[in-house]
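Enquirer: Right, I'll just put the structure down here and ask away after.
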Amino acid sequence: MTDSLFDELTIRGTTIPNRVMVSPMCQYSSTDGLATDWHLVHLGSRAVGGAGVVMTEATAVEPRGRISPQDLGIWTSEQADALAPTAAFIRSQGSVPAIQLAHAGRKASTRRPWEGGGPIAPADGGWDVVGPGDEPWPYDGEDADVPRLRAMTTADIDDVIDAFASAAERALAAGFEIPEVHAAHGYLIHEFLSPVTNDREDEYGGSFENRTRLLREVTAAVRAVWPDDKPVFVRISATDWLPDRDSWDLEQSIRLAPMLGEVGADLIDVSAGGIHPDQRLPGTGPGYQIPYAEAIKAETDLAVGAVGGITTPEQADQLVRNGRADLAIVGREHLRDPYFTLHAAGALDADVEWPVQYRRATD
Ligand SMILES: Cc1cc2nc3c(=O)[nH]c(=O)nc-3n(C[C@H](O)[C@H](O)[C@H](O)COP(=O)(O)O)c2cc1C
């Protein structure tokens with residue numbers, strides 16, 4: 001029988017009640033990486049709204065890996081403790097709590113969007129950043145020299161792999177059921193994958209095998225500390241959208257998929273872009289990245305999530321029914337409507353209960 005948006009999805013021993021996931025979205029609302037009431041209410045509301053998986057924003061595995069000073073972090077157990085009530089609340093609503101583990105690489109140390117974006121120098125509260133090479137993100141004008149970028153040594157790489165594993169251990173202790181390795185959007189792991197940013201001559205650069213090594217090692221390290229009966233997700237950018245350059249593309253993403261399965265990933269969350277400002281998007285209309293998810297799904301046994309421009313119940317449902325992806329990952333529409341899934345159930349005539357506290361509104 002064909003799956004639909006309101007069928008469960010069981011991966012390993014974890015059953016997701018429906019096929020909607022809240023896409024990871026930075027809130028830039030932490031101090032010292034600590035979750036606040038904002039995170040509890042923001043993520044908690046989307047669990048009340050019925051999403052099958054509620055995923056946190058990019059959560060930094062080390063302070064240097066924050067996009068902005070206000071990013072969420074999980075490099076200390078105090079930070080994990082601050083996240084635990086949010087994970088527990090999500091679970092109490094029947095949703096699966098998930099956490100995106102992240103390192104921003106050369107795109108770290110920037111101002112949050114509503115403070116103008118752009119890099120912050122160490123003297124102004126920023127920090128020096130690291131990446132596979134020493135070519136910084138091409139900031140404009142007077143911003144061009146900050147923050148300073150240093151190419152990672154193999155010892156730095158070992159430390160980052162350990163940081164992902166320790167972050168996953170803390171996430172498990174905090175009550176999360178799914179960790180997602182963030183390997184997309186031009187952040188650290190993507191910077192290693194893409195020839196646009198990786199000009200290393202050691203075992204982490206050059207060949208496809210070498211450029212994918214960091215992601216494979218991070219995924220294996222997360223899987224090693226994660227229980228066998230719980231899934232691990234990986235988010236990738238399927239393409240750099242730089243077809244005229246030696247860059248990361250869909251063909252390499254398809255080749256990568258089974259290799260991620262071999263190191264213990266269960267679902268590939270398929271996004272795109274972010275490696276360089278010269279990228280040329282083919283458009284951002286409805287479902288603009290779904291064809292990448294579909295192409296990867298056709299070539300792998302792993303589960304696949306599609307994200308990008310999914311805004312309506314019908315679109316999300318058809319994506320699953322037509323076998324293009326296993327999970328409909330919804331970002332901005334969840335900012336507009338925390339109850340997307342409950343509204344979708346109404347629109348699609350699916351039998352889903354509203355929270356008992358709200359039942360009188362549905363009588
Ligand atoms: C406010 C905001 C914050 C975001 N933060 C993250 C993030 O932390 N990690 C990530 O992988 N993607 C992030 N994204 C990208 C979204 O997860 C999603 O992939 C993108 O918005 C496309 O999906 P949509 O069209 O459903 O919004 C962010 C997007 C928005 C709008």
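Just so we're on the same page: first chain in the structure tokens is A, next is B, and so on; residues restart at 1 for each chain, and ligands are numbered from 1 in the order they show up.
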Counting only C-alpha atoms, what is within 9 Å of stretch 272-280 of chain A, bar same-chain residues fewer than 6 positions away, as a CSV table (one decimal) with N, CA, C and O atoms, in the first residue's frame?
Expert:
```csv
chain,number,residue,atom,x,y,z
A,137,TRP,N,35.4,33.1,3.6
A,137,TRP,CA,34.2,33.5,2.9
A,137,TRP,C,34.4,34.9,2.3
A,137,TRP,O,34.9,35.7,3.0
A,138,PRO,N,34.0,35.1,1.0
A,138,PRO,CA,34.2,36.4,0.4
A,138,PRO,C,33.4,37.5,0.9
A,138,PRO,O,32.4,38.0,0.2
A,184,ALA,N,25.5,20.5,5.4
A,184,ALA,CA,24.9,21.3,4.3
A,184,ALA,C,25.3,22.8,4.5
A,184,ALA,O,26.0,23.2,5.4
A,185,HIS,N,24.8,23.5,3.5
A,185,HIS,CA,24.7,25.0,3.6
A,185,HIS,C,26.0,25.7,3.7
A,185,HIS,O,26.1,26.8,4.3
A,186,GLY,N,27.1,25.1,3.3
A,186,GLY,CA,28.4,25.8,3.3
A,186,GLY,C,29.1,25.9,4.6
A,186,GLY,O,30.0,26.6,4.8
A,187,TYR,N,28.6,25.1,5.6
A,187,TYR,CA,29.2,25.0,6.9
A,187,TYR,C,30.3,24.0,6.9
A,187,TYR,O,30.6,23.4,5.9
A,190,HIS,N,30.3,20.6,4.9
A,190,HIS,CA,30.1,20.8,3.5
A,190,HIS,C,31.4,21.4,2.9
A,190,HIS,O,31.7,21.1,1.8
A,191,GLU,N,32.1,22.3,3.7
A,191,GLU,CA,33.3,22.9,3.1
A,191,GLU,C,34.4,21.8,2.8
A,191,GLU,O,35.2,22.0,1.9
A,194,SER,N,33.1,20.0,-0.6
A,194,SER,CA,33.1,20.7,-1.9
A,194,SER,C,34.5,21.1,-2.3
A,194,SER,O,35.3,21.7,-1.6
A,196,VAL,N,35.1,23.5,-4.1
A,196,VAL,CA,35.1,25.0,-4.1
A,196,VAL,C,35.9,25.5,-2.8
A,196,VAL,O,36.6,26.5,-2.9
A,197,THR,N,35.7,24.8,-1.7
A,197,THR,CA,36.3,25.3,-0.5
A,197,THR,C,37.4,24.4,0.0
A,197,THR,O,38.1,24.7,1.0
A,236,ILE,N,22.5,17.1,3.9
A,236,ILE,CA,23.5,17.5,2.9
A,236,ILE,C,22.9,18.6,2.0
A,236,ILE,O,21.7,18.7,1.9
A,237,SER,N,23.8,19.3,1.3
A,237,SER,CA,23.4,20.1,0.2
A,237,SER,C,23.7,19.2,-1.0
A,237,SER,O,24.8,18.9,-1.3
A,238,ALA,N,22.6,18.9,-1.8
A,238,ALA,CA,22.8,18.0,-2.9
A,238,ALA,C,23.6,18.6,-4.0
A,238,ALA,O,24.2,17.8,-4.8
A,239,THR,N,23.6,19.9,-4.1
A,239,THR,CA,24.4,20.6,-5.1
A,239,THR,C,24.9,21.9,-4.6
A,239,THR,O,24.2,22.6,-3.8
A,240,ASP,N,26.0,22.4,-5.1
A,240,ASP,CA,26.5,23.8,-4.8
A,240,ASP,C,25.9,24.8,-5.6
A,240,ASP,O,26.1,26.0,-5.4
A,241,TRP,N,25.1,24.4,-6.7
A,241,TRP,CA,24.5,25.3,-7.6
A,241,TRP,C,25.6,26.2,-8.3
A,241,TRP,O,25.4,27.4,-8.5
A,242,LEU,N,26.7,25.5,-8.6
A,242,LEU,CA,27.8,26.2,-9.3
A,242,LEU,C,28.3,25.3,-10.4
A,242,LEU,O,29.4,24.8,-10.5
A,243,PRO,N,27.4,25.1,-11.4
A,243,PRO,CA,27.7,24.1,-12.5
A,243,PRO,C,28.9,24.4,-13.3
A,243,PRO,O,29.5,23.5,-13.9
A,289,GLN,N,13.5,22.0,-4.1
A,289,GLN,CA,14.6,21.0,-4.0
A,289,GLN,C,14.2,19.6,-4.0
A,289,GLN,O,15.0,18.7,-3.9
A,292,TYR,N,16.0,16.8,-6.1
A,292,TYR,CA,17.2,16.3,-5.6
A,292,TYR,C,17.0,15.1,-4.7
A,292,TYR,O,17.6,14.1,-4.7
A,308,GLY,N,12.3,22.4,1.3
A,308,GLY,CA,12.4,23.5,0.4
A,308,GLY,C,11.1,23.8,-0.3
A,308,GLY,O,10.7,23.0,-1.2
```
Enquirer: Could you list, as a PyMOL selection string, all protein and nucleic acid residues with an atom at most 8 Å from ligand 1, counting only C-alpha atoms and all ligand atoms?
Expert: chain A and resi 23-27+56-59+100+182+184-185+235+271+284+287+307-311+329-334
Enquirer: Take atom CA of A:Ser4 and atom CA of A:Arg321 and report the distance between them in Å, one decimal.
Expert: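 It comes out at 5.0 Å.
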Enquirer: With only C-alpha atoms as the counted atoms, please give the residues lying no more than 10 Å from A:Val61, apart from itself and same-chain residues fewer than 4 positions off, as a ChimeraX atom specification.
Expert: /A:33,65-66,72-76,100-104,160-168
Enquirer: Stretch 135-320 of chain A: which residues are alpha helix (DSSP H) by DSSP, as an MDAnalysis selection string?
Expert: chainID A and resid 154:173 188:193 208:211 213:225 250:262 290:299 313:320
Enquirer: From stretch 117-244 of chain A, collect each residue whose DSSP state is strand (DSSP E) and return the set as JSON, numbers by chain.
Expert: {"A": [129, 130, 131, 149, 150, 151, 178, 179, 180, 181, 182, 183, 233, 234, 235, 236, 237]}
Enquirer: A:Gly116, A:Pro338, A:Pro179, A:Gly346: which is nearest A:Ala265, counting only C-alpha atoms?
Expert: A:Pro179
Enquirer: Check the smallest atom-to-atom distance from each of A:Glu8, A:Ala51, A:Arg324, A:Gly261 to A:Pro291 using only C-alpha atoms, then report the winner.
Expert: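 Ranking A:Glu8, A:Ala51, A:Arg324, A:Gly261 by distance to A:Pro291, first place goes to A:Arg324.
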Enquirer: Closest to A:Gly205 among A:Pro231, A:Pro132, A:Asp269, A:Ala183, using only C-alpha atoms?
Expert: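 Of the candidates, the smallest distance to A:Gly205 is held by A:Pro132.
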Enquirer: Between A:Gly94, A:Gly126, A:Val218, A:Thr15, single out the one closest to A:Trp354, counting only C-alpha atoms.
Expert: A:Gly94
Enquirer: May I ask for the distance between atom CA of A:Met55 and atom CA of A:Pro286, given in Å to one decimal place?
Expert: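 The value is 21.9 Å.
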Enquirer: Just want the 10 Å neighbourhood of A:His343, counted on only C-alpha atoms, with same-chain residues fewer than 2 positions away dropped. Output as number ranges by chain.
Expert: A: 49-50, 312-313, 337-341, 345-350, 352, 354
Enquirer: Could you write those residues out with N, CA, C and O atoms, as an mmCIF file, in the first residue's frame?
Expert:
```
data_model
loop_
_atom_site.group_PDB
_atom_site.id
_atom_site.type_symbol
_atom_site.label_atom_id
_atom_site.label_comp_id
_atom_site.auth_asym_id
_atom_site.auth_seq_id
_atom_site.Cartn_x
_atom_site.Cartn_y
_atom_site.Cartn_z
ATOM 1 N N GLY A 49 1.455 21.253 17.663
ATOM 2 C CA GLY A 49 0.885 21.342 16.310
ATOM 3 C C GLY A 49 0.926 20.048 15.527
ATOM 4 O O GLY A 49 0.452 19.988 14.394
ATOM 5 N N GLY A 50 1.532 19.009 16.107
ATOM 6 C CA GLY A 50 1.379 17.674 15.536
ATOM 7 C C GLY A 50 2.500 17.163 14.646
ATOM 8 O O GLY A 50 2.402 16.038 14.128
ATOM 9 N N THR A 312 2.085 23.339 1.493
ATOM 10 C CA THR A 312 0.672 22.947 1.568
ATOM 11 C C THR A 312 0.535 21.474 1.951
ATOM 12 O O THR A 312 1.415 20.657 1.636
ATOM 13 N N PRO A 313 -0.582 21.126 2.584
ATOM 14 C CA PRO A 313 -0.819 19.730 2.946
ATOM 15 C C PRO A 313 -0.793 18.807 1.726
ATOM 16 O O PRO A 313 -0.215 17.716 1.774
ATOM 17 N N ASP A 337 2.796 28.862 10.604
ATOM 18 C CA ASP A 337 1.714 28.045 11.170
ATOM 19 C C ASP A 337 2.288 26.896 12.006
ATOM 20 O O ASP A 337 2.625 25.837 11.468
ATOM 21 N N PRO A 338 2.381 27.108 13.330
ATOM 22 C CA PRO A 338 2.916 26.028 14.172
ATOM 23 C C PRO A 338 2.060 24.764 14.110
ATOM 24 O O PRO A 338 2.537 23.678 14.404
ATOM 25 N N TYR A 339 0.791 24.927 13.745
ATOM 26 C CA TYR A 339 -0.149 23.793 13.709
ATOM 27 C C TYR A 339 -0.294 23.229 12.296
ATOM 28 O O TYR A 339 -1.337 22.692 11.940
ATOM 29 N N PHE A 340 0.755 23.364 11.489
ATOM 30 C CA PHE A 340 0.701 22.895 10.100
ATOM 31 C C PHE A 340 0.147 21.473 10.005
ATOM 32 O O PHE A 340 -0.721 21.175 9.178
ATOM 33 N N THR A 341 0.637 20.580 10.857
ATOM 34 C CA THR A 341 0.259 19.168 10.727
ATOM 35 C C THR A 341 -1.221 18.968 11.090
ATOM 36 O O THR A 341 -1.944 18.232 10.401
ATOM 37 N N ALA A 345 -4.054 17.641 8.588
ATOM 38 C CA ALA A 345 -4.948 16.505 8.857
ATOM 39 C C ALA A 345 -6.385 16.893 8.519
ATOM 40 O O ALA A 345 -7.136 16.104 7.917
ATOM 41 N N GLY A 346 -6.767 18.121 8.881
ATOM 42 C CA GLY A 346 -8.116 18.591 8.544
ATOM 43 C C GLY A 346 -8.311 18.649 7.038
ATOM 44 O O GLY A 346 -9.303 18.141 6.495
ATOM 45 N N ALA A 347 -7.345 19.224 6.360
ATOM 46 C CA ALA A 347 -7.469 19.400 4.905
ATOM 47 C C ALA A 347 -7.485 18.057 4.179
ATOM 48 O O ALA A 347 -8.156 17.908 3.147
ATOM 49 N N LEU A 348 -6.760 17.084 4.707
ATOM 50 C CA LEU A 348 -6.648 15.789 4.015
ATOM 51 C C LEU A 348 -7.599 14.744 4.597
ATOM 52 O O LEU A 348 -7.568 13.582 4.221
ATOM 53 N N ASP A 349 -8.426 15.206 5.543
ATOM 54 C CA ASP A 349 -9.410 14.315 6.155
ATOM 55 C C ASP A 349 -8.762 13.115 6.856
ATOM 56 O O ASP A 349 -9.263 11.990 6.778
ATOM 57 N N ALA A 350 -7.643 13.360 7.478
ATOM 58 C CA ALA A 350 -6.973 12.285 8.224
ATOM 59 C C ALA A 350 -7.466 12.311 9.663
ATOM 60 O O ALA A 350 -7.831 13.362 10.191
ATOM 61 N N VAL A 352 -6.714 12.583 12.968
ATOM 62 C CA VAL A 352 -5.683 12.981 13.940
ATOM 63 C C VAL A 352 -6.349 13.831 15.012
ATOM 64 O O VAL A 352 -7.099 14.764 14.706
ATOM 65 N N TRP A 354 -6.698 16.561 17.913
ATOM 66 C CA TRP A 354 -6.083 17.772 18.467
ATOM 67 C C TRP A 354 -5.774 17.488 19.946
ATOM 68 O O TRP A 354 -6.365 16.576 20.540
#
```
Enquirer: Just give me the gap between atom CA of A:Ala174 and atom CA of A:Arg111 in Å, one decimal is fine.
Expert: 28.2 Å
Enquirer: Write out as a VMD selection string each polymer residue whose atoms come within 9 Å of A:Pro195, counting only C-alpha atoms; drop sequence neighbours fewer than 3 positions from it.
Expert: chain A and resid 191 to 192 198 to 199 205 to 206 211 245 to 248
Enquirer: Considering only C-alpha atoms, state which residue in the set A:Leu256, A:Val22, A:Val146, A:Ile178 is at the smallest distance from A:Ile99.
Expert: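 Of A:Leu256, A:Val22, A:Val146, A:Ile178, the one nearest A:Ile99 is A:Ile178, counting only C-alpha atoms.
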Enquirer: Calculated over only C-alpha atoms, which of the candidates A:Ile11, A:Val356, A:Ala295, A:Leu83 has the smallest distance to A:Trp38?
Expert: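 Using only C-alpha atoms, the shortest distance to A:Trp38 belongs to A:Leu83.
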Enquirer: Can you tell me which residues surround A:Pro136 at a distance of at most 9 Å, considering only C-alpha atoms, apart from same-chain residues fewer than 5 positions away, and format the answer as a list in words?
Expert: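 Listing them by chain and then by number gives Arg106, Lys107, Gly131, Ala144, Asp145, Val146, Pro147, Arg148, Leu149, Arg150 and Thr197 of chain A.
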